[in-house]
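Structure file final.txt (compact mmCIF, C-alpha atoms and all ligand atoms) is printed below.
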# COMPACT_ATOMS: atom_id res chain seq x y z
CA MET A 1 99.93 87.31 72.88
CA ASP A 2 96.27 86.40 72.79
CA ALA A 3 95.98 86.85 76.53
CA ALA A 4 97.16 90.42 76.36
CA ARG A 5 94.83 91.19 73.51
CA ALA A 6 91.92 89.56 75.28
CA MET A 7 92.72 91.43 78.47
CA THR A 8 92.48 94.87 76.98
CA ALA A 9 88.74 94.54 76.56
CA PHE A 10 87.70 93.06 79.92
CA PHE A 11 86.67 96.19 81.67
CA ASP A 12 85.79 99.37 79.88
CA ALA A 13 88.60 101.86 80.09
CA PRO A 14 88.04 105.61 80.28
CA VAL A 15 88.00 107.16 76.82
CA ARG A 16 90.44 109.97 76.31
CA GLY A 17 90.39 112.77 73.80
CA LYS A 18 92.81 112.92 70.91
CA ASN A 19 96.02 114.89 71.29
CA LEU A 20 99.56 114.85 69.98
CA ASP A 21 100.70 112.32 72.57
CA ASP A 22 98.08 109.76 71.60
CA LEU A 23 100.42 107.45 69.73
CA ARG A 24 102.99 107.45 72.51
CA ARG A 25 100.28 106.89 75.12
CA THR A 26 98.87 104.01 73.10
CA ASN A 27 102.33 102.46 72.76
CA LEU A 28 102.93 102.77 76.50
CA ALA A 29 99.57 101.13 77.23
CA THR A 30 100.20 98.30 74.76
CA ALA A 31 103.65 97.63 76.17
CA LEU A 32 102.51 97.71 79.79
CA GLY A 33 99.55 95.45 78.93
CA LEU A 34 101.90 92.90 77.38
CA ILE A 35 104.31 93.00 80.32
CA HIS A 36 101.41 92.77 82.79
CA ALA A 37 99.88 89.74 81.04
CA ALA A 38 103.23 87.99 80.69
CA ARG A 39 104.35 89.05 84.20
CA SER A 40 107.86 89.04 82.82
CA ILE A 41 109.04 89.28 79.23
CA SER A 42 112.37 89.70 77.43
CA ARG A 43 112.90 92.98 75.63
CA ALA A 44 113.37 91.01 72.42
CA ASP A 45 109.93 89.36 72.81
CA LEU A 46 108.34 92.71 73.63
CA THR A 47 109.91 94.22 70.51
CA ARG A 48 108.62 91.34 68.39
CA SER A 49 105.12 91.47 69.90
CA MET A 50 104.77 95.20 69.31
CA GLY A 51 106.32 95.20 65.85
CA LEU A 52 108.27 98.40 66.54
CA ASN A 53 111.95 99.14 66.10
CA ARG A 54 114.43 98.74 68.93
CA SER A 55 114.98 102.42 69.58
CA THR A 56 111.23 103.07 69.92
CA ILE A 57 110.95 100.15 72.33
CA ALA A 58 113.92 101.51 74.30
CA THR A 59 112.10 104.86 74.66
CA ILE A 60 108.88 103.16 75.78
CA VAL A 61 110.70 100.95 78.28
CA ALA A 62 112.63 103.91 79.70
CA ASP A 63 109.39 105.84 80.13
CA LEU A 64 107.62 102.98 81.93
CA GLU A 65 110.63 102.51 84.16
CA ALA A 66 110.73 106.23 84.97
CA ARG A 67 107.18 105.88 86.29
CA ASP A 68 108.18 102.85 88.35
CA LEU A 69 105.71 100.66 86.46
CA ILE A 70 108.31 98.11 85.40
CA VAL A 71 111.60 96.71 86.62
CA ILE A 72 114.40 95.86 84.23
CA GLY A 73 116.33 92.82 85.34
CA GLY A 74 119.39 90.98 84.12
CA ALA A 75 119.79 89.57 80.67
CA ARG A 76 117.90 86.40 79.83
CA ASP A 77 119.29 83.90 77.37
CA THR A 78 116.52 83.71 74.81
CA LYS A 79 118.24 80.79 73.06
CA ARG A 80 118.35 82.84 69.93
CA ILE A 81 121.35 84.03 68.03
CA GLY A 82 122.66 87.38 69.19
CA ARG A 83 122.94 89.13 72.52
CA PRO A 84 120.86 87.92 75.48
CA SER A 85 117.88 90.22 75.95
CA LEU A 86 117.04 92.22 79.06
CA GLU A 87 114.19 90.88 81.19
CA ILE A 88 111.30 93.27 81.91
CA SER A 89 108.86 92.63 84.77
CA THR A 90 106.03 94.58 86.33
CA SER A 91 107.02 96.58 89.39
CA ASP A 92 105.50 96.18 92.86
CA ARG A 93 105.12 99.93 93.28
CA HIS A 94 101.44 100.14 92.34
CA VAL A 95 99.14 97.84 94.27
CA VAL A 96 95.46 97.21 94.79
CA ILE A 97 93.81 96.11 98.01
CA ALA A 98 91.56 93.26 96.91
CA VAL A 99 88.89 91.91 99.22
CA ASN A 100 86.64 88.86 99.06
CA PRO A 101 83.96 88.68 101.77
CA GLU A 102 82.53 85.18 102.19
CA LEU A 103 80.29 83.40 104.63
CA ASP A 104 83.05 82.02 106.83
CA ALA A 105 85.90 84.46 106.23
CA THR A 106 86.91 87.69 104.56
CA THR A 107 90.15 87.50 102.61
CA LEU A 108 92.21 90.59 101.85
CA GLY A 109 95.14 90.61 99.46
CA ILE A 110 97.70 93.19 98.39
CA VAL A 111 97.90 92.60 94.65
CA ALA A 112 100.56 93.99 92.33
CA MET A 113 100.52 94.09 88.54
CA GLY A 114 101.13 90.81 86.80
CA GLY A 115 98.47 89.22 89.03
CA ARG A 116 100.94 88.84 91.88
CA VAL A 117 99.47 88.59 95.37
CA LEU A 118 102.17 90.10 97.61
CA ARG A 119 100.36 89.48 100.84
CA GLU A 120 97.20 87.74 101.97
CA VAL A 121 95.29 88.07 105.23
CA ARG A 122 92.30 85.96 106.18
CA MET A 123 89.79 87.02 108.82
CA ASP A 124 87.55 84.20 110.00
CA HIS A 125 84.06 84.97 111.23
CA GLU A 126 81.40 82.92 112.91
CA ARG A 127 78.49 84.38 110.97
CA PRO A 128 78.16 86.21 107.68
CA PRO A 129 79.63 89.73 108.05
CA SER A 130 77.50 92.78 107.35
CA ALA A 131 78.66 95.26 104.73
CA ARG A 132 79.58 97.72 107.48
CA GLU A 133 81.62 95.05 109.29
CA VAL A 134 83.55 94.28 106.10
CA VAL A 135 84.30 97.97 105.60
CA ASN A 136 85.47 98.33 109.21
CA SER A 137 87.66 95.21 108.99
CA VAL A 138 89.29 96.38 105.77
CA ARG A 139 89.93 99.83 107.21
CA ALA A 140 91.51 98.33 110.36
CA LEU A 141 93.67 95.91 108.39
CA VAL A 142 94.89 98.57 105.99
CA ALA A 143 95.67 100.89 108.92
CA GLY A 144 97.67 98.04 110.47
CA MET A 145 99.70 97.66 107.27
CA GLN A 146 100.83 101.28 107.37
CA PRO A 147 103.45 102.70 107.18
CA GLU A 148 104.89 99.83 105.08
CA LEU A 149 102.08 100.14 102.57
CA GLY A 150 102.50 103.90 102.26
CA GLN A 151 106.28 103.84 101.93
CA ARG A 152 106.77 101.01 99.47
CA HIS A 153 103.56 101.12 97.49
CA GLU A 154 101.14 103.38 95.73
CA VAL A 155 97.62 102.15 96.53
CA LEU A 156 95.44 102.55 93.45
CA GLY A 157 92.27 101.59 95.25
CA VAL A 158 90.19 98.86 96.82
CA ALA A 159 88.49 96.19 94.74
CA LEU A 160 85.88 93.83 96.12
CA ALA A 161 84.91 90.41 94.76
CA VAL A 162 81.37 89.85 96.06
CA PRO A 163 79.38 86.59 96.02
CA GLY A 164 76.22 88.22 94.71
CA LEU A 165 74.63 90.56 92.21
CA VAL A 166 76.70 93.71 91.88
CA SER A 167 75.72 96.76 89.86
CA ALA A 168 78.17 97.53 87.08
CA VAL A 169 77.17 101.19 87.35
CA ASP A 170 78.19 102.07 90.90
CA GLY A 171 79.54 98.88 92.52
CA SER A 172 76.59 98.56 94.86
CA VAL A 173 75.39 95.11 95.84
CA ARG A 174 71.82 94.52 94.72
CA LEU A 175 71.61 91.15 96.46
CA ALA A 176 74.12 88.81 98.07
CA PRO A 177 71.74 86.17 99.46
CA HIS A 178 74.28 84.18 101.44
CA LEU A 179 75.83 87.25 103.05
CA GLU A 180 72.26 88.55 103.55
CA TRP A 181 73.16 91.86 101.91
CA VAL A 182 70.40 93.77 100.14
CA ASP A 183 71.07 97.11 98.38
CA GLU A 184 74.41 97.82 100.03
CA PRO A 185 76.42 100.66 98.40
CA ILE A 186 79.61 98.78 99.29
CA ALA A 187 81.99 100.46 96.81
CA ALA A 188 80.92 103.93 97.98
CA MET A 189 81.22 102.88 101.63
CA LEU A 190 84.78 101.59 101.09
CA ALA A 191 85.83 104.66 99.10
CA GLU A 192 84.62 106.92 101.88
CA ALA A 193 86.20 104.86 104.67
CA LEU A 194 89.60 104.48 103.01
CA GLY A 195 89.84 107.65 100.97
CA VAL A 196 90.82 105.81 97.78
CA PRO A 197 88.79 104.78 94.72
CA ALA A 198 86.81 101.59 95.25
CA TRP A 199 85.22 99.05 92.93
CA ALA A 200 83.04 96.00 93.44
CA VAL A 201 82.16 93.21 91.04
CA ASN A 202 80.67 89.73 91.16
CA ASP A 203 83.21 87.22 92.47
CA ALA A 204 82.94 84.72 89.61
CA SER A 205 83.40 87.56 87.11
CA CYS A 206 86.67 88.27 88.93
CA GLY A 207 87.51 84.56 88.72
CA VAL A 208 87.01 84.29 84.98
CA VAL A 209 89.04 87.44 84.28
CA ALA A 210 91.95 86.13 86.38
CA GLU A 211 91.86 82.63 84.86
CA VAL A 212 91.80 84.04 81.32
CA LEU A 213 94.69 86.40 82.03
CA PHE A 214 96.92 84.24 84.19
CA GLY A 215 95.38 80.79 84.69
CA ALA A 216 93.56 77.91 83.04
CA GLY A 217 91.97 80.06 80.32
CA ILE A 218 95.15 81.78 79.20
CA GLY A 219 95.20 82.63 75.51
CA SER A 220 91.46 82.05 75.02
CA GLY A 221 88.79 84.68 74.51
CA ASN A 222 85.90 82.24 75.13
CA VAL A 223 85.86 80.91 78.66
CA VAL A 224 83.11 79.97 81.08
CA TYR A 225 84.07 79.81 84.74
CA LEU A 226 82.05 78.05 87.40
CA ASN A 227 83.10 78.26 91.00
CA GLY A 228 81.68 76.15 93.80
CA GLY A 229 82.08 77.84 97.16
CA ALA A 230 80.62 77.90 100.64
CA SER A 231 77.90 80.22 99.42
CA GLY A 232 76.83 78.43 96.26
CA VAL A 233 77.86 78.31 92.63
CA GLY A 234 79.09 81.44 90.91
CA GLY A 235 79.41 81.83 87.17
CA GLY A 236 81.52 84.14 85.04
CA VAL A 237 81.69 84.38 81.26
CA VAL A 238 84.27 85.81 78.89
CA ALA A 239 82.93 85.65 75.33
CA GLU A 240 84.81 86.99 72.34
CA SER A 241 87.33 88.47 74.74
CA ARG A 242 84.80 90.49 76.70
CA LEU A 243 83.54 89.97 80.20
CA ILE A 244 79.80 89.39 79.83
CA GLN A 245 78.02 91.42 82.48
CA GLY A 246 74.75 92.32 80.76
CA ARG A 247 72.60 95.41 81.18
CA GLY A 248 73.19 96.00 84.87
CA GLY A 249 76.20 93.80 85.66
CA PHE A 250 74.10 90.83 86.78
CA GLY A 251 74.82 88.47 83.85
CA GLY A 252 76.63 85.14 83.91
CA GLU A 253 74.74 83.59 86.84
CA ILE A 254 75.01 80.01 85.61
CA GLY A 255 74.54 78.87 89.21
CA HIS A 256 70.88 79.74 88.80
CA THR A 257 70.18 77.90 85.56
CA LEU A 258 67.49 75.25 85.89
CA VAL A 259 68.81 71.71 86.17
CA ARG A 260 65.74 70.00 87.71
CA SER A 261 62.21 71.36 87.38
CA ASP A 262 61.01 69.59 90.56
CA GLY A 263 64.27 70.31 92.36
CA ALA A 264 65.18 71.79 95.74
CA ALA A 265 64.31 75.33 96.77
CA CYS A 266 67.05 77.83 95.97
CA ARG A 267 68.11 80.89 97.96
CA CYS A 268 67.15 83.01 94.94
CA GLY A 269 63.48 82.11 95.50
CA SER A 270 63.23 79.70 92.59
CA ARG A 271 63.60 75.90 92.48
CA GLY A 272 65.96 73.39 90.91
CA CYS A 273 68.82 75.81 90.25
CA LEU A 274 72.30 74.33 89.79
CA GLU A 275 73.42 75.75 93.13
CA ALA A 276 70.43 74.24 94.92
CA GLU A 277 71.13 70.78 93.47
CA VAL A 278 74.92 70.78 93.56
CA THR A 279 76.09 71.89 96.98
CA ARG A 280 79.27 71.69 98.97
CA THR A 281 77.19 71.21 102.12
CA ALA A 282 75.75 67.89 100.85
CA LEU A 283 79.23 66.64 99.96
CA LEU A 284 80.65 67.68 103.34
CA GLU A 285 77.79 65.96 105.15
CA ALA A 286 78.23 62.80 103.08
CA VAL A 287 81.74 62.40 104.47
CA SER A 288 80.88 63.86 107.93
CA LEU A 289 83.19 66.86 107.54
CA GLU A 290 82.83 70.19 109.32
CA PRO A 291 82.87 73.24 106.98
CA ALA A 292 86.02 74.46 108.73
CA ARG A 293 87.82 71.35 107.43
CA ALA A 294 86.52 71.70 103.88
CA HIS A 295 90.13 71.55 102.60
CA GLU A 296 90.07 67.81 103.42
CA LEU A 297 87.02 67.23 101.23
CA GLU A 298 88.81 65.99 98.14
CA ALA A 299 90.79 63.19 99.81
CA LEU A 300 87.82 61.97 101.86
CA LEU A 301 85.39 62.15 98.97
CA PHE A 302 87.67 60.16 96.65
CA GLU A 303 87.94 57.46 99.31
CA ALA A 304 84.21 57.41 100.10
CA TYR A 305 83.29 57.38 96.41
CA ALA A 306 85.12 54.09 96.01
CA GLN A 307 83.66 52.55 99.17
CA SER A 308 80.12 53.84 99.72
CA ASP A 309 77.13 53.35 97.42
CA ASP A 310 75.35 56.33 99.03
CA VAL A 311 78.29 58.69 98.43
CA ARG A 312 78.66 57.42 94.88
CA ALA A 313 74.95 58.02 94.20
CA LEU A 314 75.18 61.55 95.61
CA VAL A 315 78.30 62.46 93.65
CA ASP A 316 76.90 60.95 90.43
CA ALA A 317 73.64 62.91 90.88
CA GLN A 318 75.64 66.12 91.37
CA LEU A 319 77.76 65.34 88.30
CA SER A 320 74.59 64.82 86.20
CA SER A 321 73.16 68.14 87.36
CA LEU A 322 76.46 69.85 86.62
CA ALA A 323 76.45 68.36 83.11
CA VAL A 324 72.93 69.73 82.52
CA ALA A 325 74.00 73.25 83.50
CA LEU A 326 77.16 72.97 81.42
CA ARG A 327 75.03 71.89 78.45
CA THR A 328 73.12 75.17 78.65
CA ALA A 329 76.30 77.22 78.92
CA VAL A 330 78.10 75.33 76.15
CA ASN A 331 75.17 75.43 73.69
CA MET A 332 74.56 79.10 74.35
CA LEU A 333 78.12 80.42 74.42
CA ASN A 334 80.28 77.91 72.50
CA PRO A 335 83.21 78.33 74.92
CA GLU A 336 86.63 76.92 74.23
CA ILE A 337 87.30 76.19 77.88
CA VAL A 338 85.06 75.62 80.89
CA VAL A 339 87.04 76.25 84.07
CA LEU A 340 85.77 74.55 87.23
CA GLY A 341 86.85 76.00 90.57
CA GLY A 342 86.30 75.23 94.24
CA PHE A 343 84.38 72.07 95.06
CA LEU A 344 83.22 71.79 91.43
CA GLU A 345 86.84 71.16 90.51
CA ILE A 346 86.85 68.29 93.04
CA LEU A 347 83.63 66.93 91.53
CA GLY A 348 85.18 67.21 88.08
CA ARG A 349 88.26 65.30 89.18
CA ILE A 350 86.19 62.52 90.74
CA GLY A 351 84.04 62.36 87.63
CA GLY A 352 87.17 62.34 85.49
CA GLU A 353 86.52 61.94 81.80
CA ARG A 354 82.98 60.85 82.59
CA LEU A 355 81.83 64.44 83.15
CA GLU A 356 83.31 65.50 79.82
CA ARG A 357 81.63 62.51 78.15
CA MET A 358 78.26 63.27 79.77
CA LEU A 359 78.56 66.85 78.58
CA ARG A 360 79.38 65.81 75.02
CA GLU A 361 76.40 63.46 74.99
CA VAL A 362 73.92 66.17 75.91
CA ALA A 363 75.45 69.26 74.26
CA LEU A 364 75.05 70.06 70.57
CA PRO A 365 77.71 68.35 68.48
CA GLY A 366 79.55 71.52 67.36
CA PRO A 367 80.06 73.33 70.67
CA GLY A 368 80.15 70.00 72.53
CA GLN A 369 83.19 68.88 70.55
CA GLN A 370 84.99 72.19 70.82
CA VAL A 371 84.87 72.61 74.58
CA ARG A 372 87.32 71.25 77.11
CA LEU A 373 87.08 71.18 80.89
CA GLU A 374 89.91 72.50 83.04
CA GLY A 375 90.46 72.97 86.76
CA ALA A 376 91.04 76.52 88.02
CA ARG A 377 94.77 77.13 88.13
CA LEU A 378 95.04 80.11 90.46
CA GLY A 379 93.11 78.59 93.36
CA ARG A 380 91.28 80.95 95.66
CA MET A 381 93.65 83.73 94.64
CA ASN A 382 91.81 84.15 91.34
CA LEU A 383 89.04 86.19 92.95
CA LEU A 384 91.51 88.67 94.44
CA ILE A 385 93.59 88.85 91.25
CA GLY A 386 90.49 89.39 89.08
CA ALA A 387 89.10 92.05 91.42
CA ALA A 388 92.43 93.88 91.37
CA GLU A 389 92.27 93.91 87.58
CA LEU A 390 89.35 96.35 87.86
CA ALA A 391 91.44 98.83 89.78
CA PHE A 392 94.46 98.42 87.49
CA ARG A 393 92.36 99.21 84.41
CA PRO A 394 92.80 103.02 84.40
CA LEU A 395 96.57 102.71 84.90
CA LEU A 396 96.92 99.99 82.25
CA SER A 397 94.91 102.00 79.75
CA ASP A 398 96.97 105.16 80.34
CA PRO A 399 100.33 104.49 82.03
CA ALA A 400 101.36 108.10 81.30
CA ALA A 401 98.94 109.16 84.04
CA ALA A 402 101.32 107.64 86.61
CA PRO A 403 103.73 110.24 88.02
CA VAL A 404 107.39 110.15 87.08
CA VAL A 405 109.65 109.23 89.98
CA ALA A 406 111.81 112.14 91.14
CA GLY A 407 115.18 112.07 89.40
CA ARG A 408 113.99 110.07 86.42
CA GLU A 409 112.39 112.94 84.51
CA HIS A 410 114.90 112.76 81.64
CA ALA A 411 113.59 109.28 80.67
CA ALA A 412 109.98 110.39 80.49
CA GLY A 413 110.38 113.91 79.22
CA ALA A 414 108.13 113.45 76.24
CA LEU A 415 105.08 112.58 78.29
CA SER A 416 105.45 114.04 81.76
ZN ZN A 501 68.60 79.99 92.26
Target encoding structure tokens, full file:
Amino acid sequence: MDAARAMTAFFDAPVRGKNLDDLRRTNLATALGLIHAARSISRADLTRSMGLNRSTIATIVADLEARDLIVIGGARDTKRIGRPSLEISTSDRHVVIAVNPELDATTLGIVAMGGRVLREVRMDHERPPSAREVVNSVRALVAGMQPELGQRHEVLGVALAVPGLVSAVDGSVRLAPHLEWVDEPIAAMLAEALGVPAWAVNDASCGVVAEVLFGAGIGSGNVVYLNGGASGVGGGVVAESRLIQGRGGFGGEIGHTLVRSDGAACRCGSRGCLEAEVTRTALLEAVSLEPARAHELEALLFEAYAQSDDVRALVDAQLSSLAVALRTAVNMLNPEIVVLGGFLEILGRIGGERLERMLREVALPGPGQQVRLEGARLGRMNLLIGAAELAFRPLLSDPAAAPVVAGREHAAGALS
């Protein structure tokens, strides 16, 4: 259960004081963390993972169920000798409204534990939305989802995945160059507008958390994630099972590492950054594709790469620049997995093993040999799932804080 262990450290959880219930609270948190990371687990596997006896596990499971945090399903044949074991899954009761504002669209998802996106709504816009417009859209959408949302779910809060520099202290956006946001207290604005707690974090940080928990980086505590989107290249780093955010929350911006000293001007004010040299716009233009049809990029680019010298030269130049940036990340962080998302995943697939070979040629032999490249496995959903993880943190770290459902008090008596 490396994923579950890795997960527990991603975002700092509130520290509680010691009391007599500490052990039980810790057991509840460990169990819920395991079920959350696995999405669904047999009671036998949970018992084995926690190393506790069956009656203690039965008490823990009953308590979590009394708080509507898990659902106990039918027996699963574990292919082991003995009785089939009950299947335990996370419940849909507690949800987070996750939001990802981008240049061309704002995506909103209702995310349940286990990284499950129950519903997704996409709002297209012609120009980058202002922070106030995003807040208003989210408020209107959430109002439109009532009363269903209020009846079936407990909304823990709103979590925003922002393509920009986000303060880890208060969730304000220091700079989101492509959205043209400067010093926007977006988390505070959302909390006020919706009346629930709100969080904001860099989008690629959300991506790496989601991929480590549920996607291409599962089971690893050393993952670098690079996402190529409409608004540039975002980077997120999990090192030694911790999300690397740095002093203010601005760390991990691999998109702004230098790949060419005489390179193109970057939106950050510098030159030759990865995201200035490797752009989705150049690839779209090379195959004469409108941004609105970016989903067709992969098929067209594969075809053009085989047929056009110009396209091949462009793609190869982008692959070289990507390898230079990856060299920096790999030498510095010694990751086990580099996950490529968005159009970088397409580039990686066109480059095939060549990109991995180029990287091994330029990286130091130790880290260069230990890294492998993977495509993002959760697609665009990873930003919403990772953002939601922020809002699930307090509940996951102390499930006993969730109220007991009326009529189930007997199962949770010890902690209610
Ligand atoms: Zn830059």
Handout entry: Answer as a ChimeraX atom specification, residues within 10 Å of (73.9, 86.2, 85.7) using only C-alpha atoms
Key = /A:164-165,202,204-205,234-237,244-246,248-257
Problem - Test item: residues lying within 6 Å of ligand ZN 501 (chain A) with all atoms listed in the file, as a PyMOL selection string - result: chain A and resi 256+266-268+270+273
Handout entry: Selection near segment 58-74 of chain A, 9 Å with only C-alpha atoms, sequence-local residues under 5 positions removed, as a PyMOL selection string
Key = chain A and resi 24+27-28+31-32+35+43+53+85-94+113+399-400+402-415
How about saving the chosen residues, C-alpha atoms kept, as a PDB file, in the coordinates of the input?
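Saved result, out.pdb, follows:
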ATOM      1  CA  ARG A  24     102.990 107.450  72.510  1.00  0.00           C
ATOM      2  CA  ASN A  27     102.330 102.460  72.760  1.00  0.00           C
ATOM      3  CA  LEU A  28     102.930 102.770  76.500  1.00  0.00           C
ATOM      4  CA  ALA A  31     103.650  97.630  76.170  1.00  0.00           C
ATOM      5  CA  LEU A  32     102.510  97.710  79.790  1.00  0.00           C
ATOM      6  CA  ILE A  35     104.310  93.000  80.320  1.00  0.00           C
ATOM      7  CA  ARG A  43     112.900  92.980  75.630  1.00  0.00           C
ATOM      8  CA  ASN A  53     111.950  99.140  66.100  1.00  0.00           C
ATOM      9  CA  SER A  85     117.880  90.220  75.950  1.00  0.00           C
ATOM     10  CA  LEU A  86     117.040  92.220  79.060  1.00  0.00           C
ATOM     11  CA  GLU A  87     114.190  90.880  81.190  1.00  0.00           C
ATOM     12  CA  ILE A  88     111.300  93.270  81.910  1.00  0.00           C
ATOM     13  CA  SER A  89     108.860  92.630  84.770  1.00  0.00           C
ATOM     14  CA  THR A  90     106.030  94.580  86.330  1.00  0.00           C
ATOM     15  CA  SER A  91     107.020  96.580  89.390  1.00  0.00           C
ATOM     16  CA  ASP A  92     105.500  96.180  92.860  1.00  0.00           C
ATOM     17  CA  ARG A  93     105.120  99.930  93.280  1.00  0.00           C
ATOM     18  CA  HIS A  94     101.440 100.140  92.340  1.00  0.00           C
ATOM     19  CA  MET A 113     100.520  94.090  88.540  1.00  0.00           C
ATOM     20  CA  PRO A 399     100.330 104.490  82.030  1.00  0.00           C
ATOM     21  CA  ALA A 400     101.360 108.100  81.300  1.00  0.00           C
ATOM     22  CA  ALA A 402     101.320 107.640  86.610  1.00  0.00           C
ATOM     23  CA  PRO A 403     103.730 110.240  88.020  1.00  0.00           C
ATOM     24  CA  VAL A 404     107.390 110.150  87.080  1.00  0.00           C
ATOM     25  CA  VAL A 405     109.650 109.230  89.980  1.00  0.00           C
ATOM     26  CA  ALA A 406     111.810 112.140  91.140  1.00  0.00           C
ATOM     27  CA  GLY A 407     115.180 112.070  89.400  1.00  0.00           C
ATOM     28  CA  ARG A 408     113.990 110.070  86.420  1.00  0.00           C
ATOM     29  CA  GLU A 409     112.390 112.940  84.510  1.00  0.00           C
ATOM     30  CA  HIS A 410     114.900 112.760  81.640  1.00  0.00           C
ATOM     31  CA  ALA A 411     113.590 109.280  80.670  1.00  0.00           C
ATOM     32  CA  ALA A 412     109.980 110.390  80.490  1.00  0.00           C
ATOM     33  CA  GLY A 413     110.380 113.910  79.220  1.00  0.00           C
ATOM     34  CA  ALA A 414     108.130 113.450  76.240  1.00  0.00           C
ATOM     35  CA  LEU A 415     105.080 112.580  78.290  1.00  0.00           C
TER      36      LEU A 415
END
Exercise for the section: Write out as a list of chain:residue names the residues lying within 10 Å of Arg360 of chain A, counting only C-alpha atoms and excluding same-chain residues fewer than 5 positions away. Expected result: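 These residues fall inside the cut-off: A:Ala323, A:Leu326, A:Arg327, A:Val330, A:Arg354, A:Leu355, A:Pro365, A:Gly366, A:Pro367, A:Gly368, A:Gln369, A:Gln370, A:Val371, A:Arg372.
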Exercise for the section: Would you please work out which residue, of A:Val224, A:Glu240, A:Leu314, A:Glu277, is nearest to Asn331 of chain A when using all atoms listed in the file? Expected result: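 For Asn331 of chain A, the nearest of the candidates is A:Val224.
From atom CA of Arg260 of chain A back to atom CA of Ser320 of chain A, the distance works out to 10.4 Å.
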Go ahead and fit an axis-aligned box to every listed atom of segment 158-162 of chain A plus 4 Å each side, and pass me the centre and edge lengths in Å, one decimal, as AutoDock Vina command-line options.
--center_x 85.8 --center_y 94.4 --center_z 95.8 --size_x 16.8 --size_y 17.0 --size_z 10.1
Exercise for the section: Enter the distance from atom CA of Pro177 of chain A to atom CA of Val238 of chain A, in Å, rounded to one decimal. Expected result: 24.1 Å
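Minimum atom-to-atom distance to Glu148 of chain A, evaluated using all atoms listed in the file, belongs to A:Ile110 out of A:Ile110, A:Val339, A:Ala131, A:Leu52.
Between atom CA of Glu356 of chain A and atom CA of Arg280 of chain A the separation is 20.5 Å.
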Exercise for the section: Skip segment 139-141 of chain A itself and residues of its chain fewer than 3 positions away, then list as a count of residues only all residues within 7 Å of it, counting all atoms listed in the file. Expected result: 6
Exercise for the section: List every protein, DNA or RNA residue with an atom no more than 9 Å from (86.9, 73.7, 80.1) in the file's coordinates, counting only C-alpha atoms, and format the result as a list in words. Expected result: Ala216, Gly217, Val223, Val224, Tyr225, Pro335, Glu336, Ile337, Val338, Val339, Leu340, Glu356, Val371, Arg372, Leu373, Glu374 and Gly375 of chain A
So that I can see what lies close to Arg122 of chain A, please list as a PDB file with C-alpha atoms, keeping the file's coordinate frame the residues with an atom at most 8 Å from it, counting all atoms listed in the file and leaving out residues fewer than 6 positions away in the same chain.
ATOM      1  CA  ALA A 105      85.900  84.460 106.230  1.00  0.00           C
ATOM      2  CA  THR A 106      86.910  87.690 104.560  1.00  0.00           C
ATOM      3  CA  THR A 107      90.150  87.500 102.610  1.00  0.00           C
ATOM      4  CA  LEU A 108      92.210  90.590 101.850  1.00  0.00           C
TER       5      LEU A 108
END
Exercise for the section: Find the spatial neighbours of segment 307-310 of chain A, counting only C-alpha atoms, within a cut-off of 12 Å - ignore same-chain residues fewer than 6 positions away - and output them as a list in words. Expected result: Ala282, Leu283, Glu285, Ala286, Val287, Leu300, Leu301, Asp316 and Ala317 of chain A
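The shortest atom-to-atom distance to Met332 of chain A, with only C-alpha atoms taken into account, belongs to A:Ala363 out of A:Ala363, A:Ala143, A:Ala98, A:Ile350.
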Practice task
Identify which of the residues A:Ile346, A:Ala313, A:Leu179, A:Leu322 lies closest to Glu298 of chain A, counting all atoms listed in the file when measuring atom-to-atom distances.
Solution key: A:Ile346
Practice task
Choose the residue, out of A:Phe214, A:Phe343, A:Phe392, A:Trp199, that has the smallest atom-to-atom separation from Pro185 of chain A; count all atoms listed in the file.
Solution key: A:Trp199
Model the absent atoms of segment 266-273 of chain A so that N, CA and C atoms are present, and write the result as a CSV table (one decimal), in the frame of the given file.
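Below is the file selection.csv, written as the result:
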chain,number,residue,atom,x,y,z
A,266,CYS,N,65.8,77.1,96.1
A,266,CYS,CA,67.0,77.8,96.0
A,266,CYS,C,67.0,79.1,96.8
A,267,ARG,N,68.1,79.6,97.2
A,267,ARG,CA,68.1,80.9,98.0
A,267,ARG,C,67.6,82.1,97.1
A,268,CYS,N,67.6,81.9,95.8
A,268,CYS,CA,67.2,83.0,94.9
A,268,CYS,C,65.6,83.1,94.9
A,269,GLY,N,64.9,82.1,95.5
A,269,GLY,CA,63.5,82.1,95.5
A,269,GLY,C,62.9,81.1,94.5
A,270,SER,N,63.7,80.6,93.6
A,270,SER,CA,63.2,79.7,92.6
A,270,SER,C,63.5,78.3,93.0
A,271,ARG,N,63.3,77.3,92.1
A,271,ARG,CA,63.6,75.9,92.5
A,271,ARG,C,64.5,75.3,91.4
A,272,GLY,N,65.2,74.2,91.9
A,272,GLY,CA,66.0,73.4,90.9
A,272,GLY,C,67.1,74.1,90.2
A,273,CYS,N,67.6,75.2,90.8
A,273,CYS,CA,68.8,75.8,90.2
A,273,CYS,C,70.0,74.9,90.5
